[in-house]
>>> print(open('run-v3.cif').read())   # mmCIF, C-alpha atoms
data_model
#
loop_
_atom_site.label_atom_id
_atom_site.label_comp_id
_atom_site.auth_asym_id
_atom_site.auth_seq_id
_atom_site.Cartn_x
_atom_site.Cartn_y
_atom_site.Cartn_z
CA MET A 717 -32.13 -24.69 -12.79
CA VAL A 718 -30.37 -22.87 -9.94
CA ARG A 719 -27.19 -21.13 -11.08
CA LYS A 720 -23.83 -21.49 -9.35
CA LEU A 721 -23.12 -19.56 -6.17
CA ARG A 722 -22.28 -15.91 -6.92
CA LEU A 723 -19.79 -14.04 -4.73
CA LEU A 724 -19.07 -10.31 -4.73
CA THR A 725 -15.84 -9.65 -2.85
CA THR A 726 -13.21 -7.07 -2.07
CA LEU A 727 -9.69 -7.57 -3.43
CA ALA A 728 -8.19 -7.70 0.06
CA VAL A 729 -8.92 -11.40 0.51
CA GLU A 730 -7.77 -12.55 -2.92
CA VAL A 731 -4.54 -14.24 -1.83
CA ALA A 732 -6.24 -16.22 0.94
CA PHE A 733 -9.14 -17.15 -1.31
CA LYS A 734 -7.21 -18.18 -4.40
CA ARG A 735 -4.55 -20.11 -2.51
CA ARG A 736 -6.81 -22.00 -0.13
CA VAL A 737 -10.35 -20.85 0.68
CA LEU A 738 -11.79 -21.43 -2.79
CA PRO A 739 -9.79 -24.60 -3.58
CA ASP A 740 -10.97 -26.11 -0.28
CA TRP A 741 -14.58 -25.27 -1.18
CA HIS A 742 -14.23 -26.62 -4.72
CA ALA A 743 -13.11 -29.98 -3.33
CA ASP A 744 -16.75 -30.72 -2.43
CA HIS A 745 -18.78 -28.14 -4.34
CA ASP A 746 -19.34 -26.70 -7.79
CA ASP A 747 -17.38 -23.67 -8.97
CA ILE A 748 -18.30 -20.16 -7.83
CA GLU A 749 -18.83 -17.06 -9.95
CA VAL A 750 -16.62 -14.41 -8.32
CA VAL A 751 -16.74 -10.65 -8.88
CA TRP A 752 -13.53 -9.05 -7.58
CA ALA A 753 -13.44 -5.28 -6.97
CA PRO A 754 -12.56 -2.64 -4.35
CA THR A 755 -15.27 -2.09 -1.75
CA ASN A 756 -16.28 1.30 -3.18
CA VAL A 757 -16.72 -0.21 -6.64
CA LEU A 758 -18.75 -3.09 -5.24
CA MET A 759 -20.98 -0.64 -3.39
CA GLU A 760 -21.62 1.27 -6.62
CA LYS A 761 -22.58 -1.98 -8.33
CA ILE A 762 -24.89 -2.99 -5.48
CA ARG A 763 -26.52 0.43 -5.29
CA GLY A 764 -27.10 0.05 -9.02
CA GLY A 765 -28.98 -3.20 -8.45
CA GLU A 766 -26.31 -5.87 -8.80
CA ARG A 767 -26.81 -8.85 -6.52
CA GLY A 768 -25.31 -12.21 -5.72
CA ASP A 769 -25.50 -14.79 -2.97
CA VAL A 770 -22.64 -13.71 -0.70
CA VAL A 771 -20.74 -10.43 -0.39
CA ILE A 772 -17.48 -9.56 1.40
CA LEU A 773 -16.98 -5.92 2.33
CA ILE A 774 -15.50 -3.52 4.84
CA ASP A 775 -17.69 -3.45 7.98
CA LYS A 776 -19.07 0.08 7.60
CA PRO A 777 -20.56 -0.33 4.11
CA MET A 778 -21.73 -3.80 5.13
CA ALA A 779 -23.70 -2.18 7.96
CA GLU A 780 -25.23 0.18 5.39
CA LEU A 781 -26.41 -2.78 3.32
CA ALA A 782 -27.86 -4.44 6.40
CA ALA A 783 -29.73 -1.27 7.38
CA GLY A 784 -31.18 -1.12 3.87
CA GLY A 785 -32.26 -4.77 3.95
CA ILE A 786 -29.93 -5.65 1.07
CA VAL A 787 -28.05 -8.25 3.11
CA ALA A 788 -29.49 -10.39 5.87
CA ALA A 789 -28.29 -8.74 9.08
CA ASP A 790 -28.29 -12.03 10.98
CA SER A 791 -25.93 -13.55 8.42
CA ILE A 792 -23.06 -11.04 8.85
CA MET A 793 -19.87 -12.76 9.96
CA PRO A 794 -16.52 -11.06 10.71
CA ILE A 795 -13.74 -12.82 8.82
CA ALA A 796 -10.51 -10.83 8.59
CA GLN A 797 -8.61 -7.61 9.19
CA ALA A 798 -6.17 -5.98 6.79
CA LYS A 799 -3.43 -3.40 7.31
CA PHE A 800 -2.12 -0.81 4.89
CA GLY A 801 1.42 -1.35 3.68
CA LEU A 802 4.09 -0.49 1.15
CA GLY A 803 5.55 -2.69 -1.54
CA VAL A 804 8.51 -2.54 -3.94
CA LYS A 805 9.54 -4.59 -6.96
CA ALA A 806 11.04 -7.92 -5.96
CA GLY A 807 14.74 -7.56 -5.33
CA ALA A 808 14.68 -3.82 -4.77
CA ASP A 809 15.99 -2.33 -1.55
CA LYS A 810 13.40 -2.15 1.22
CA PRO A 811 13.43 1.10 3.15
CA ASP A 812 12.95 1.30 6.89
CA ILE A 813 9.32 2.21 7.68
CA SER A 814 9.28 1.04 11.29
CA THR A 815 8.57 4.50 12.74
CA PRO A 816 6.55 7.49 11.53
CA ASP A 817 9.73 9.48 10.82
CA ALA A 818 11.27 6.59 8.90
CA PHE A 819 8.01 6.11 6.99
CA VAL A 820 7.94 9.76 5.92
CA GLU A 821 11.60 9.61 4.87
CA ALA A 822 10.88 6.47 2.80
CA LEU A 823 8.06 8.25 0.98
CA ARG A 824 10.20 11.31 0.34
CA SER A 825 13.10 9.22 -0.92
CA ALA A 826 10.96 7.10 -3.23
CA GLY A 827 10.48 7.99 -6.86
CA ARG A 828 6.92 7.47 -8.04
CA ILE A 829 4.40 6.02 -5.60
CA ALA A 830 1.34 4.15 -6.86
CA TYR A 831 -2.01 4.26 -5.07
CA SER A 832 -5.60 3.35 -5.89
CA LEU A 833 -8.27 6.02 -6.31
CA THR A 834 -11.17 3.75 -5.31
CA GLY A 835 -9.59 1.49 -2.72
CA ALA A 836 -9.69 2.08 1.03
CA SER A 837 -5.87 2.17 1.03
CA GLY A 838 -5.68 4.98 -1.50
CA GLN A 839 -8.31 7.08 0.21
CA TYR A 840 -6.59 6.69 3.57
CA PHE A 841 -3.19 7.40 2.01
CA LEU A 842 -4.42 10.77 0.71
CA THR A 843 -5.77 11.65 4.15
CA LEU A 844 -2.52 10.54 5.78
CA LEU A 845 -0.38 12.63 3.44
CA ASP A 846 -2.41 15.71 4.39
CA ARG A 847 -2.03 14.86 8.06
CA LEU A 848 1.74 14.50 7.67
CA GLY A 849 1.98 17.75 5.69
CA ILE A 850 3.63 16.15 2.65
CA ALA A 851 0.67 15.81 0.27
CA ASP A 852 1.87 18.30 -2.36
CA GLU A 853 5.39 16.88 -2.37
CA ILE A 854 4.36 13.22 -2.73
CA LEU A 855 1.36 13.62 -5.03
CA ALA A 856 3.40 15.67 -7.50
CA ARG A 857 5.11 12.42 -8.50
CA ALA A 858 2.47 9.87 -7.55
CA VAL A 859 0.82 7.42 -9.93
CA SER A 860 -2.89 6.78 -9.39
CA ILE A 861 -4.93 3.89 -10.75
CA PRO A 862 -8.75 3.78 -10.91
CA ALA A 863 -8.92 0.30 -9.36
CA GLY A 864 -6.99 -2.95 -9.15
CA PHE A 865 -3.56 -3.79 -7.77
CA THR A 866 -1.06 -0.98 -7.37
CA GLY A 867 1.78 -3.51 -7.35
CA GLU A 868 1.35 -4.00 -11.08
CA LYS A 869 2.73 -0.50 -11.59
CA LEU A 870 6.00 -1.68 -10.03
CA LEU A 871 6.34 -4.44 -12.57
CA ASP A 872 5.91 -2.22 -15.61
CA GLY A 873 8.26 0.43 -14.23
CA GLU A 874 5.66 3.15 -13.83
CA ALA A 875 6.18 3.30 -10.06
CA ASP A 876 8.94 2.59 -7.56
CA MET A 877 6.74 2.02 -4.53
CA ALA A 878 3.13 0.90 -4.11
CA VAL A 879 0.58 1.61 -1.40
CA GLN A 880 -2.19 -0.91 -0.67
CA GLN A 881 -3.44 -3.44 1.82
CA VAL A 882 -0.58 -5.84 2.63
CA SER A 883 -2.71 -8.73 1.40
CA GLU A 884 -3.31 -6.95 -1.93
CA LEU A 885 0.39 -6.29 -2.40
CA MET A 886 0.91 -10.03 -1.91
CA SER A 887 -1.51 -10.71 -4.79
CA VAL A 888 1.01 -9.50 -7.36
CA GLN A 889 3.81 -11.92 -8.14
CA GLY A 890 7.10 -10.05 -8.39
CA VAL A 891 6.28 -7.62 -5.58
CA ASP A 892 8.01 -7.65 -2.19
CA VAL A 893 6.11 -6.30 0.80
CA VAL A 894 8.20 -3.73 2.67
CA GLY A 895 5.86 -3.98 5.63
CA PRO A 896 2.75 -2.43 7.16
CA PHE A 897 2.54 1.26 8.01
CA PRO A 898 3.94 1.91 11.51
CA ASP A 899 1.29 1.58 14.21
CA PRO A 900 0.81 5.32 14.88
CA LEU A 901 -0.02 5.81 11.19
CA GLN A 902 -1.93 2.57 10.70
CA GLN A 903 -5.68 2.18 10.30
CA PRO A 904 -6.69 -1.50 10.23
CA THR A 905 -9.62 -2.39 8.00
CA ASP A 906 -12.16 -4.97 9.16
CA PHE A 907 -13.93 -7.20 6.66
CA SER A 908 -17.11 -9.26 7.02
CA ALA A 909 -19.11 -11.62 4.85
CA ALA A 910 -22.89 -11.77 4.55
CA MET A 911 -25.70 -13.30 2.52
CA PHE A 912 -27.79 -11.16 0.21
CA ALA A 913 -31.40 -10.96 1.36
CA GLU A 914 -32.44 -11.90 -2.19
CA ALA A 915 -29.88 -14.70 -2.59
CA GLU A 916 -30.96 -17.26 -5.17
CA ASN A 917 -29.07 -19.98 -3.28
CA PRO A 918 -29.70 -19.14 0.41
CA ALA A 919 -28.91 -22.60 1.80
CA LEU A 920 -25.66 -22.83 -0.15
CA ALA A 921 -24.83 -19.22 0.75
CA ARG A 922 -25.13 -19.98 4.46
CA GLU A 923 -22.97 -23.08 4.00
CA PHE A 924 -20.37 -20.94 2.25
CA LEU A 925 -20.44 -18.44 5.11
CA LEU A 926 -19.70 -21.26 7.54
CA HIS A 927 -16.81 -22.26 5.29
CA LEU A 928 -15.49 -18.68 5.48
CA THR A 929 -15.42 -18.87 9.28
CA SER A 930 -13.88 -22.33 9.58
CA ARG A 931 -10.51 -23.21 11.10
CA LYS A 932 -9.08 -23.73 7.62
CA ALA A 933 -10.26 -20.29 6.57
CA HIS A 934 -8.67 -18.79 9.68
CA GLU A 935 -5.35 -20.31 8.69
CA ALA A 936 -5.78 -19.10 5.10
CA TYR A 937 -6.38 -15.50 6.18
CA GLU A 938 -3.31 -15.52 8.41
CA ALA A 939 -1.16 -16.92 5.58
CA GLY A 940 -2.63 -14.42 3.11
CA GLY A 941 -1.41 -11.25 4.77
CA LEU A 942 -4.50 -10.76 6.93
CA ALA A 943 -5.34 -11.08 10.59
CA SER A 944 -8.17 -13.53 11.20
CA ARG A 945 -11.23 -12.25 13.07
CA ILE A 946 -12.57 -15.75 13.60
CA THR A 947 -12.86 -16.39 17.33
CA SER A 948 -14.20 -19.93 17.46
#
>>> encode(input="run-v3.cif", output="structure tokens")
Amino acid sequence: MVRKLRLLTTLAVEVAFKRRVLPDWHADHDDIEVVWAPTNVLMEKIRGGERGDVVILIDKPMAELAAGGIVAADSIMPIAQAKFGLGVKAGADKPDISTPDAFVEALRSAGRIAYSLTGASGQYFLTLLDRLGIADEILARAVSIPAGFTGEKLLDGEADMAVQQVSELMSVQGVDVVGPFPDPLQQPTDFSAAMFAEAENPALAREFLLHLTSRKAHEAYEAGGLASRITS
């Protein structure tokens, strides 16, 4: 008996997937087993031998998997782009972060800032703080999490501001998105989907990939805090 389709995916697409992409798929197909985790965590799992049918990752590690024959290179499909942003607890004042100077002032004026140690947002945030020359000042009162959604730290009062992909901030009910980092400080992250070379359900995996690049999926990404990379 062939098991249900197994998907390994980054957290960045969760809002789009849970609100529309997966419900639309479930309308005509069986349920999917989904493993949600930051890209770096997924890569550790995959390097350790974990497999599925479809995987969604940042483009660079996806290329690494293709070079190693772990995913089928001809199955890679660009799906969405995410931007780093800041969030606050719903109802809290939203600072101006429209310019680099305003962004720095917002960070300096915030209390505790939450970031993820394993997520692309957290790693970039650390690099950005060094570049801006405020790393020691901000990290002295920062709150780090090993993985997951930084917005949850706003809800329990452990942080006053959260750093993550805009789409990931949207995943936490009770969090308001302040906005994306200003363009000069922004580093968009591109995501793609692909089929594992050893997929147990290759035909269904390819069908799911087509679903992820459909017009409905495009609309779901745009509504889920992402920019769609679907061109047709």
>>> residues_around(input="run-v3.cif", residues="Ile748 (chain A)", least_positions_apart="2", cutoff="7 Å", atoms="all atoms listed in the file", output="ChimeraX atom specification")
/A:720-722,746,750
>>> resolve_selection(input="run-v3.cif", expression="the PyMOL selection byres ((chain A and resi 901) around 10)", output="list of chain:residue names")
A:Phe800, A:Thr815, A:Pro816, A:Phe819, A:Phe841, A:Leu844, A:Arg847, A:Leu848, A:Pro896, A:Phe897, A:Pro898, A:Asp899, A:Pro900, A:Gln902, A:Gln903, A:Pro904
>>> write_last_selection(input="run-v3.cif", atoms="C-alpha atoms", output="mmCIF file, in the coordinates of the input")
data_model
loop_
_atom_site.group_PDB
_atom_site.id
_atom_site.type_symbol
_atom_site.label_atom_id
_atom_site.label_comp_id
_atom_site.auth_asym_id
_atom_site.auth_seq_id
_atom_site.Cartn_x
_atom_site.Cartn_y
_atom_site.Cartn_z
ATOM 1 C CA PHE A 800 -2.120 -0.810 4.890
ATOM 2 C CA THR A 815 8.570 4.500 12.740
ATOM 3 C CA PRO A 816 6.550 7.490 11.530
ATOM 4 C CA PHE A 819 8.010 6.110 6.990
ATOM 5 C CA PHE A 841 -3.190 7.400 2.010
ATOM 6 C CA LEU A 844 -2.520 10.540 5.780
ATOM 7 C CA ARG A 847 -2.030 14.860 8.060
ATOM 8 C CA LEU A 848 1.740 14.500 7.670
ATOM 9 C CA PRO A 896 2.750 -2.430 7.160
ATOM 10 C CA PHE A 897 2.540 1.260 8.010
ATOM 11 C CA PRO A 898 3.940 1.910 11.510
ATOM 12 C CA ASP A 899 1.290 1.580 14.210
ATOM 13 C CA PRO A 900 0.810 5.320 14.880
ATOM 14 C CA GLN A 902 -1.930 2.570 10.700
ATOM 15 C CA GLN A 903 -5.680 2.180 10.300
ATOM 16 C CA PRO A 904 -6.690 -1.500 10.230
#
>>> closest_residue(input="run-v3.cif", among="A:Ala788, A:Leu724, A:Ala798, A:Ile850", to="Glu914 (chain A)", atoms="only C-alpha atoms")
A:Ala788
>>> resolve_selection(input="run-v3.cif", expression="the PyMOL selection byres ((chain A and resi 926-942) around 9)", output="ChimeraX atom specification")
/A:728-733,735-737,740-741,793-799,881-887,909,921-925,943-948
>>> atom_distance(input="run-v3.cif", atom1="CA of Ile792 (chain A)", atom2="CA of Leu738 (chain A)")
19.2 Å
>>> residues_near_point(input="run-v3.cif", point="(-16.1, 1.3, -7.3)", cutoff="10 Å", atoms="all atoms listed in the file", output="list in words")
Ala753, Pro754, Thr755, Asn756, Val757, Leu758, Met759, Glu760, Lys761, Ile762, Leu833, Thr834, Gly835, Pro862 and Ala863 of chain A
>>> write_last_selection(input="run-v3.cif", atoms="C-alpha atoms", output="tab-separated table (two decimals), in the frame of the given file")
chain	number	residue	atom	x	y	z
A	753	ALA	CA	-13.44	-5.28	-6.97
A	754	PRO	CA	-12.56	-2.64	-4.35
A	755	THR	CA	-15.27	-2.09	-1.75
A	756	ASN	CA	-16.28	1.30	-3.18
A	757	VAL	CA	-16.72	-0.21	-6.64
A	758	LEU	CA	-18.75	-3.09	-5.24
A	759	MET	CA	-20.98	-0.64	-3.39
A	760	GLU	CA	-21.62	1.27	-6.62
A	761	LYS	CA	-22.58	-1.98	-8.33
A	762	ILE	CA	-24.89	-2.99	-5.48
A	833	LEU	CA	-8.27	6.02	-6.31
A	834	THR	CA	-11.17	3.75	-5.31
A	835	GLY	CA	-9.59	1.49	-2.72
A	862	PRO	CA	-8.75	3.78	-10.91
A	863	ALA	CA	-8.92	0.30	-9.36
>>> atom_distance(input="run-v3.cif", atom1="CA of Asp846 (chain A)", atom2="CA of Asp809 (chain A)")
26.4 Å
>>> atom_distance(input="run-v3.cif", atom1="CA of Ala919 (chain A)", atom2="CA of Thr905 (chain A)")
28.6 Å
>>> closest_residue(input="run-v3.cif", among="A:Asp892, A:Asp769, A:Asp790, A:Glu749", to="Leu920 (chain A)", atoms="only C-alpha atoms")
A:Asp769
>>> resolve_selection(input="run-v3.cif", expression="the PyMOL selection byres ((chain A and resi 861) around 12)", output="list in words")
Pro754, Ile829, Ala830, Tyr831, Ser832, Leu833, Thr834, Gly835, Ser837, Gly838, Gln839, Ala858, Val859, Ser860, Pro862, Ala863, Gly864, Phe865, Thr866, Gly867, Glu868, Lys869, Glu874, Ala875, Ala878, Val879 and Gln880 of chain A
>>> write_last_selection(input="run-v3.cif", atoms="C-alpha atoms", output="compact mmCIF listing (two decimals), keeping the file's coordinate frame")
# COMPACT_ATOMS: atom_id res chain seq x y z
CA PRO A 754 -12.56 -2.64 -4.35
CA ILE A 829 4.40 6.02 -5.60
CA ALA A 830 1.34 4.15 -6.86
CA TYR A 831 -2.01 4.26 -5.07
CA SER A 832 -5.60 3.35 -5.89
CA LEU A 833 -8.27 6.02 -6.31
CA THR A 834 -11.17 3.75 -5.31
CA GLY A 835 -9.59 1.49 -2.72
CA SER A 837 -5.87 2.17 1.03
CA GLY A 838 -5.68 4.98 -1.50
CA GLN A 839 -8.31 7.08 0.21
CA ALA A 858 2.47 9.87 -7.55
CA VAL A 859 0.82 7.42 -9.93
CA SER A 860 -2.89 6.78 -9.39
CA PRO A 862 -8.75 3.78 -10.91
CA ALA A 863 -8.92 0.30 -9.36
CA GLY A 864 -6.99 -2.95 -9.15
CA PHE A 865 -3.56 -3.79 -7.77
CA THR A 866 -1.06 -0.98 -7.37
CA GLY A 867 1.78 -3.51 -7.35
CA GLU A 868 1.35 -4.00 -11.08
CA LYS A 869 2.73 -0.50 -11.59
CA GLU A 874 5.66 3.15 -13.83
CA ALA A 875 6.18 3.30 -10.06
CA ALA A 878 3.13 0.90 -4.11
CA VAL A 879 0.58 1.61 -1.40
CA GLN A 880 -2.19 -0.91 -0.67
